[in-house]
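Peer 1: mmCIF, C-alpha atoms and all ligand atoms, saved as input.cif, coming up:
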data_my_file
#
loop_
_atom_site.label_atom_id
_atom_site.label_comp_id
_atom_site.auth_asym_id
_atom_site.auth_seq_id
_atom_site.Cartn_x
_atom_site.Cartn_y
_atom_site.Cartn_z
CA MET R 135 116.80 201.91 193.07
CA ASN R 136 120.36 201.44 191.96
CA ASP R 137 122.97 204.08 191.82
CA PRO R 138 122.22 205.76 188.48
CA SER R 139 125.70 207.15 188.19
CA LYS R 140 127.05 203.63 187.91
CA MET R 141 124.60 202.57 185.23
CA LYS R 142 125.45 202.67 181.55
CA HIS R 143 123.37 205.04 179.53
CA ASP R 144 123.52 203.20 176.25
CA CYS R 145 122.40 199.70 175.58
CA SER R 146 124.27 197.96 172.79
CA ASN R 147 121.36 195.70 171.97
CA GLN R 148 118.30 197.56 173.05
CA LYS R 149 116.02 195.91 170.52
CA GLU R 150 116.86 192.39 171.68
CA CYS R 151 116.69 193.53 175.28
CA LEU R 152 113.23 194.94 174.77
CA GLN R 153 112.06 191.72 173.19
CA LEU R 154 113.48 189.70 176.05
CA LEU R 155 112.00 192.07 178.56
CA GLN R 156 108.56 191.67 177.03
CA ALA R 157 108.92 187.90 176.95
CA ILE R 158 109.78 187.99 180.65
CA LEU R 159 106.73 190.10 181.49
CA ASP R 160 104.58 187.84 179.32
CA GLY R 161 105.77 184.84 181.28
CA GLU R 162 107.38 183.38 178.16
CA ALA R 163 111.08 183.53 179.05
CA THR R 164 113.12 180.77 180.61
CA GLN R 165 114.18 180.96 184.22
CA ALA R 166 117.79 181.46 183.18
CA GLN R 167 116.96 184.32 180.83
CA LYS R 168 114.88 185.89 183.49
CA GLU R 169 117.51 185.68 186.18
CA HIS R 170 120.29 186.96 184.00
CA PHE R 171 118.29 189.87 182.71
CA MET R 172 116.55 190.91 185.89
CA LYS R 173 119.45 190.45 188.24
CA GLU R 174 122.38 191.47 186.13
CA HIS R 175 121.42 193.50 183.11
CA LEU R 176 118.67 195.63 184.57
CA ASP R 177 120.85 196.84 187.42
CA SER R 178 123.51 198.16 185.15
CA CYS R 179 121.67 199.40 182.09
CA MET R 180 119.67 202.60 182.32
CA PRO R 181 117.69 202.35 179.03
CA CYS R 182 116.57 198.83 179.89
CA TYR R 183 115.78 199.79 183.45
CA GLN R 184 113.54 202.58 182.15
CA ASN R 185 111.99 200.36 179.51
CA TYR R 186 111.13 197.82 182.14
CA HIS R 187 109.23 200.32 184.24
CA LEU R 188 107.54 201.76 181.19
CA GLU R 189 106.35 198.33 180.06
CA VAL R 190 104.97 197.58 183.50
CA ALA R 191 103.24 200.96 183.70
CA ILE R 192 101.61 200.53 180.28
CA ARG R 193 100.28 197.11 181.23
CA ASP R 194 98.85 198.45 184.47
CA LEU R 195 97.21 201.32 182.66
CA LEU R 196 95.73 199.00 180.04
CA LYS R 197 94.25 196.77 182.70
CA LYS R 198 92.85 199.71 184.59
CA LYS R 199 91.45 201.64 181.64
CA CYS R 200 90.67 199.24 178.84
CA THR R 201 88.24 196.74 180.27
CA ARG R 202 84.50 197.05 180.42
CA GLU R 203 81.67 194.87 181.61
CA ALA R 204 78.93 193.41 179.50
CA PRO R 205 75.59 195.16 179.96
CA GLN R 206 73.43 193.22 182.39
CA GLU R 207 70.43 193.06 180.06
CA LEU R 208 72.62 191.52 177.39
CA ILE R 209 73.75 188.81 179.78
CA GLU R 210 70.14 188.10 180.73
CA SER R 211 69.09 187.98 177.11
CA ILE R 212 71.81 185.46 176.24
CA LYS R 213 70.89 183.27 179.21
CA LYS R 214 67.26 183.35 178.23
CA GLN R 215 67.93 182.35 174.66
CA ILE R 216 70.00 179.41 175.80
CA GLN R 217 67.28 178.24 178.17
CA GLN R 218 64.76 178.42 175.33
CA ASN R 219 67.14 176.41 173.22
CA LEU R 220 67.42 173.79 175.90
CA ARG R 221 63.68 173.44 176.23
CA ALA R 222 63.17 173.24 172.49
CA MET Z 174 86.49 174.21 165.06
CA GLU Z 175 88.44 172.51 162.35
CA GLU Z 176 91.37 170.67 163.78
CA GLU Z 177 89.91 168.53 166.53
CA ILE Z 178 86.50 167.22 165.75
CA ILE Z 179 85.81 165.41 168.94
CA LYS Z 180 82.09 164.99 169.19
CA ASN Z 181 80.73 164.69 172.65
CA ASN Z 182 77.16 163.85 173.27
CA TYR Z 183 76.36 165.99 176.23
CA THR Z 184 72.97 165.69 177.87
CA ASP Z 185 70.90 168.83 178.28
CA ALA Z 186 71.89 168.98 181.93
CA GLN Z 187 75.57 168.75 181.02
CA LYS Z 188 75.20 171.39 178.33
CA SER Z 189 73.51 173.71 180.72
CA ARG Z 190 76.21 173.18 183.33
CA ILE Z 191 79.07 173.69 180.87
CA PHE Z 192 77.44 176.82 179.56
CA ASP Z 193 76.89 178.31 183.00
CA GLN Z 194 80.13 177.23 184.63
CA GLU Z 195 82.63 177.32 181.79
CA PHE Z 196 81.30 179.83 179.26
CA MET Z 197 79.44 182.46 181.24
CA PRO Z 198 82.31 183.42 183.57
CA HIS Z 199 84.16 184.85 180.53
CA ILE Z 200 81.31 187.05 179.36
CA ASN Z 201 82.82 190.36 180.48
CA ALA Z 202 86.19 189.61 178.90
CA MET Z 203 84.37 188.48 175.75
CA TYR Z 204 82.28 191.62 175.64
CA ASN Z 205 85.37 193.76 176.01
CA PHE Z 206 87.04 191.86 173.16
CA ALA Z 207 83.93 192.29 170.99
CA TYR Z 208 83.83 195.98 171.77
CA ARG Z 209 87.52 196.51 171.05
CA LEU Z 210 87.21 194.71 167.72
CA THR Z 211 84.07 196.42 166.46
CA LEU Z 212 84.52 199.74 168.30
CA ASP Z 213 80.76 199.98 168.39
CA ARG Z 214 78.48 199.11 171.31
CA ASP Z 215 75.64 197.71 169.21
CA ASP Z 216 77.92 195.65 167.02
CA ALA Z 217 79.66 194.40 170.16
CA LYS Z 218 76.35 193.26 171.63
CA ASP Z 219 75.38 191.44 168.44
CA LEU Z 220 78.81 189.87 168.10
CA LEU Z 221 78.77 188.68 171.70
CA GLN Z 222 75.29 187.25 171.37
CA ASP Z 223 76.11 185.49 168.10
CA THR Z 224 79.25 184.06 169.63
CA TYR Z 225 77.53 182.65 172.69
CA LEU Z 226 74.74 181.14 170.60
CA LYS Z 227 77.34 179.61 168.31
CA ALA Z 228 79.26 178.30 171.28
CA TYR Z 229 76.10 176.64 172.47
CA ARG Z 230 75.34 175.18 169.07
CA PHE Z 231 78.85 173.71 168.84
CA ILE Z 232 79.07 172.73 172.48
CA ASP Z 233 79.56 169.06 171.58
CA SER Z 234 82.91 169.92 170.06
CA PHE Z 235 84.06 171.58 173.27
CA GLN Z 236 86.08 169.22 175.41
CA GLU Z 237 85.32 169.70 179.08
CA GLY Z 238 88.40 170.53 181.10
CA THR Z 239 90.14 172.26 178.19
CA ASN Z 240 90.58 176.01 177.92
CA ALA Z 241 87.05 177.36 177.51
CA LYS Z 242 88.22 180.96 177.38
CA ALA Z 243 90.56 180.36 174.44
CA TRP Z 244 87.86 178.31 172.69
CA LEU Z 245 85.34 181.13 173.07
CA PHE Z 246 87.79 183.85 172.03
CA ARG Z 247 88.55 181.91 168.88
CA ILE Z 248 84.88 181.66 167.95
CA LEU Z 249 84.43 185.37 168.58
CA LYS Z 250 87.45 186.27 166.49
CA ASN Z 251 86.24 184.10 163.60
CA SER Z 252 82.73 185.54 163.78
CA PHE Z 253 84.20 189.00 163.70
CA ILE Z 254 86.24 188.26 160.60
CA ASN Z 255 83.43 186.51 158.79
CA ASP Z 256 80.47 188.66 159.72
CA TYR Z 257 81.61 192.03 160.95
CA ARG Z 258 84.87 192.97 159.43
CA LYS Z 259 83.25 193.29 156.03
CA LYS Z 260 80.69 195.80 157.16
CA SER Z 261 82.83 197.58 159.71
CA LYS Z 262 83.53 201.24 159.21
CA GLU Z 263 87.24 200.70 159.20
CA PRO Z 264 89.11 201.46 156.01
CA ALA Z 265 89.95 198.53 153.78
CA LYS Z 266 92.51 196.25 155.35
CA VAL Z 267 96.08 196.61 154.37
CA ASP Z 268 97.72 193.38 153.40
CA TYR Z 269 99.12 191.65 156.47
CA GLN Z 270 102.46 190.92 154.93
CA GLU Z 271 102.86 194.48 153.86
CA VAL Z 272 102.09 195.78 157.30
CA GLU Z 273 104.45 193.38 158.99
CA THR Z 274 107.24 194.07 156.57
CA TYR Z 275 106.80 197.76 157.07
CA TYR Z 276 106.89 197.55 160.82
CA ASN Z 277 109.81 195.23 160.64
CA SER Z 278 111.93 197.71 158.79
CA GLU Z 279 114.87 199.36 160.46
CA ASP Z 280 113.22 202.74 160.09
CA VAL Z 281 110.52 201.90 162.53
CA ASP Z 282 112.94 200.41 164.98
CA ARG Z 283 114.96 203.57 164.96
CA GLN Z 284 111.95 205.59 165.95
CA ILE Z 285 110.99 203.34 168.89
CA THR Z 286 109.94 206.31 171.00
CA PRO Z 287 112.41 205.94 173.81
CA ASP Z 288 111.17 209.30 175.00
CA LEU Z 289 107.94 208.14 176.56
CA ARG Z 290 108.23 208.26 180.31
CA VAL Z 291 106.45 206.60 183.16
CA GLU Z 292 105.64 209.99 184.65
CA SER Z 293 103.68 211.09 181.60
CA LEU Z 294 101.70 207.85 181.74
CA SER Z 295 100.64 208.54 185.28
CA ASN Z 296 99.04 211.74 184.03
CA MET Z 297 96.87 209.83 181.60
CA ILE Z 298 93.91 209.44 183.87
CA GLY Z 299 91.27 209.77 181.15
CA ASP Z 300 90.65 207.80 177.98
CA GLU Z 301 94.07 208.40 176.48
CA ILE Z 302 95.24 204.80 176.61
CA SER Z 303 91.89 203.47 175.49
CA ASN Z 304 91.90 205.83 172.53
CA ALA Z 305 95.49 204.92 171.73
CA LEU Z 306 94.62 201.24 171.75
CA ASN Z 307 91.52 201.76 169.61
CA ALA Z 308 93.54 203.76 167.11
CA LEU Z 309 95.78 200.79 166.32
CA ASP Z 310 95.07 198.58 163.35
CA VAL Z 311 92.75 195.80 164.44
CA ASP Z 312 95.41 193.09 164.17
CA PHE Z 313 97.77 194.97 166.44
CA ARG Z 314 94.96 195.87 168.79
CA THR Z 315 93.98 192.24 169.03
CA VAL Z 316 97.34 190.89 170.19
CA ILE Z 317 97.59 193.53 172.89
CA ILE Z 318 94.12 192.66 174.18
CA LEU Z 319 94.82 188.94 174.19
CA CYS Z 320 98.20 189.23 175.86
CA ASP Z 321 98.15 192.26 178.11
CA LEU Z 322 94.50 192.35 179.09
CA GLU Z 323 93.55 188.69 179.01
CA GLY Z 324 96.86 187.07 179.83
CA PHE Z 325 96.84 184.46 177.08
CA LYS Z 326 100.12 182.68 176.43
CA TYR Z 327 101.74 183.01 172.99
CA GLU Z 328 100.76 179.46 172.14
CA GLU Z 329 97.12 180.08 172.99
CA MET Z 330 97.17 183.27 170.95
CA ALA Z 331 98.60 181.38 167.99
CA LYS Z 332 95.62 179.02 168.14
CA ILE Z 333 93.05 181.75 168.64
CA LEU Z 334 94.40 183.74 165.70
CA ASP Z 335 95.47 180.85 163.48
CA ILE Z 336 98.96 182.26 163.01
CA PRO Z 337 102.42 180.85 163.83
CA ILE Z 338 103.84 181.58 167.26
CA GLY Z 339 106.71 183.59 165.74
CA THR Z 340 104.17 185.88 164.13
CA VAL Z 341 102.44 186.31 167.49
CA ARG Z 342 105.73 187.37 169.02
CA SER Z 343 106.71 189.84 166.31
CA ARG Z 344 103.23 191.27 165.90
CA LEU Z 345 103.02 191.83 169.62
CA HIS Z 346 106.36 193.55 169.70
CA ARG Z 347 105.34 195.88 166.90
CA ALA Z 348 101.93 196.49 168.40
CA ARG Z 349 103.57 197.64 171.61
CA ASN Z 350 105.91 199.97 169.74
CA LEU Z 351 102.96 201.48 167.92
CA LEU Z 352 101.02 201.88 171.15
CA LYS Z 353 103.98 203.67 172.70
CA GLU Z 354 104.17 205.95 169.68
CA LYS Z 355 100.51 206.89 170.13
CA LEU Z 356 100.96 207.41 173.85
CA SER Z 357 103.96 209.55 173.26
CA GLU Z 358 101.96 211.70 170.82
CA TYR Z 359 99.33 212.16 173.52
CA ALA Z 360 101.98 213.00 176.06
CA LYS Z 361 103.37 215.64 173.74
CA SER Z 362 100.00 217.12 172.92
CA MET Z 363 99.17 217.27 176.60
CA GLY Z 364 102.33 219.24 177.07
CA TYR Z 365 104.11 216.81 179.32
CA LYS Z 366 107.80 216.66 179.11
CA THR Z 367 108.73 213.42 177.45
CA ALA Z 368 112.47 213.54 177.44
ZN ZN R 401 120.19 197.04 178.12
#
Step by step, read the file and then write its structure as structure tokens.
Peer 2:
Amino acid sequence: MNDPSKMKHDCSNQKECLQLLQAILDGEATQAQKEHFMKEHLDSCMPCYQNYHLEVAIRDLLKKKCTREAPQELIESIKKQIQQNLRA
Amino acid sequence: MEEEIIKNNYTDAQKSRIFDQEFMPHINAMYNFAYRLTLDRDDAKDLLQDTYLKAYRFIDSFQEGTNAKAWLFRILKNSFINDYRKKSKEPAKVDYQEVETYYNSEDVDRQITPDLRVESLSNMIGDEISNALNALDVDFRTVIILCDLEGFKYEEMAKILDIPIGTVRSRLHRARNLLKEKLSEYAKSMGYKTA
């Protein structure tokens, strides 16, 4: 982690930063945007640094907690119906 | 599928192979999507089954080598809108435009819960995030599922949802703000320090 005492505690364009940050995490930002933001801005801006870690944590939590598998008997039933369709 | 009506004439063997190798591997992701849309296990089962049977029926319009997952998700989303949304227990839908205008307003931006902290998230080991996601309006819920859970690109999401890419971007941004608001409410009610 960077030296927090040297980081600014207000971000003048937090909304735009957050949008850019999300685009970066979504794999939708350009290489230049990514480099500038990750290497320069994040190191010096506390709100964006915190937002970044929050965004990452939420995504991890979503992936861990919000997926579920299809019931096995449902899968079998779908397969069976398709096979019957094929034979028909 | 309206825009590209390429008609293949797959043999039964080809159909069977496409179904098994390209469609079936997405069945868990598809079930999860169906469940998150309907919020009901039985409806999710029916929706998933309908979708896979439809996919089979329209298999000749699926181009091998293209994105089967996006193709399937689009069918599921359309089936949900046409067959399930009507009878779902959710309250009547608010007009899209209205919702987006509202969430676009400065007011909402000002209350972007900057007080939610990573530490309080790590305490959410139960169903908090799942409940928070389910509590969002279905259109906001959908973009979070497609992007954060399924890893679709904005362009793919635009096709699945039949909306412009700019709308994908802004809806996603608002959906995430709303999710954070919900999470921050949970954090507060659980008594974790948020700020
Ligand atoms: Zn910043």
Peer 1: Please extract the residues at most 6 Å from ligand ZN 401 (chain R), counting all atoms listed in the file, and provide them as an MDAnalysis selection string, using the chain letters and residue numbers of this document.
Peer 2: chainID R and resid 145 148 151 179 181:182
Peer 1: Please, which residues of chain R lie no more than 6 Å from chain Z when the count uses only C-alpha atoms, and can they be set out as a list in words?
Peer 2: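 Interface list for chain R against chain Z: Leu188, Lys197, Cys200, Thr201, Arg202, Glu203 and Ala204 of chain R.
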Peer 1: Got time to write the residues from that selection, C-alpha atoms, as a PDB file, keeping the file's coordinate frame?
Peer 2:
ATOM      1  CA  LEU R 188     107.540 201.760 181.190  1.00  0.00           C
ATOM      2  CA  LYS R 197      94.250 196.770 182.700  1.00  0.00           C
ATOM      3  CA  CYS R 200      90.670 199.240 178.840  1.00  0.00           C
ATOM      4  CA  THR R 201      88.240 196.740 180.270  1.00  0.00           C
ATOM      5  CA  ARG R 202      84.500 197.050 180.420  1.00  0.00           C
ATOM      6  CA  GLU R 203      81.670 194.870 181.610  1.00  0.00           C
ATOM      7  CA  ALA R 204      78.930 193.410 179.500  1.00  0.00           C
TER       8      ALA R 204
END
Peer 1: Using all atoms listed in the file, determine which residues lie at most 9 Å from Leu155 of chain R, disregarding the query and same-chain residues fewer than 3 positions distant; provide the list as an NGL selection string.
Peer 2: :R and (150-152 or 158-160 or 163 or 168 or 171-172 or 182 or 185-186 or 189)
Peer 1: Near Gly364 of chain Z, within 12 Å and counting all atoms listed in the file, which residues show up once chain neighbours fewer than 6 positions away are dropped, as a VMD selection string?
Peer 2: chain Z and resid 293 296 to 297 357 to 358
Peer 1: Between atom CA of Arg247 of chain Z and atom CA of Gln215 of chain R, what distance in Å does the model show, to one decimal?
Peer 2: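 Between atom CA of Arg247 of chain Z and atom CA of Gln215 of chain R the gap works out to 21.4 Å.
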Peer 1: Looking at Z:Gln194, Z:Thr224, Z:Ser362, Z:Asn240, which one is nearest to Ile212 of chain R, with distances taken over all atoms listed in the file?
Peer 2: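 Looking at the shortest contact to Ile212 of chain R, the residue is Z:Thr224.
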Peer 1: Could you jot down the atom CA of His199 of chain Z to atom CA of Ile179 of chain Z separation for me, Å, one decimal place?
Peer 2: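 Those two atoms sit 22.7 Å apart.
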Peer 1: Quick one, how far is atom CA of Lys227 of chain Z from atom CA of Phe246 of chain Z?
Peer 2: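 We find that atom CA of Lys227 of chain Z and atom CA of Phe246 of chain Z lie 11.9 Å from each other.
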Peer 1: Z:Thr315, Z:Ile338, Z:Ser252, Z:Glu195: which is nearest Glu162 of chain R, counting only C-alpha atoms?
Peer 2: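 Closest residue, counting only C-alpha atoms: Z:Ile338.
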Peer 1: Need the axis-aligned box for segment 142-161 of chain R with 3 Å each side, so what are the centre and edges in Å to one decimal, as JSON?
Peer 2:
{"center_x": 115.0, "center_y": 194.9, "center_z": 176.0, "size_x": 26.9, "size_y": 26.2, "size_z": 17.0}
Peer 1: Taking only C-alpha atoms into account, name the residue in R:Met141, R:Ala166, R:Leu220, R:Leu208 that is nearest to Met180 of chain R.
Peer 2: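 For Met180 of chain R, the nearest of the candidates is R:Met141.
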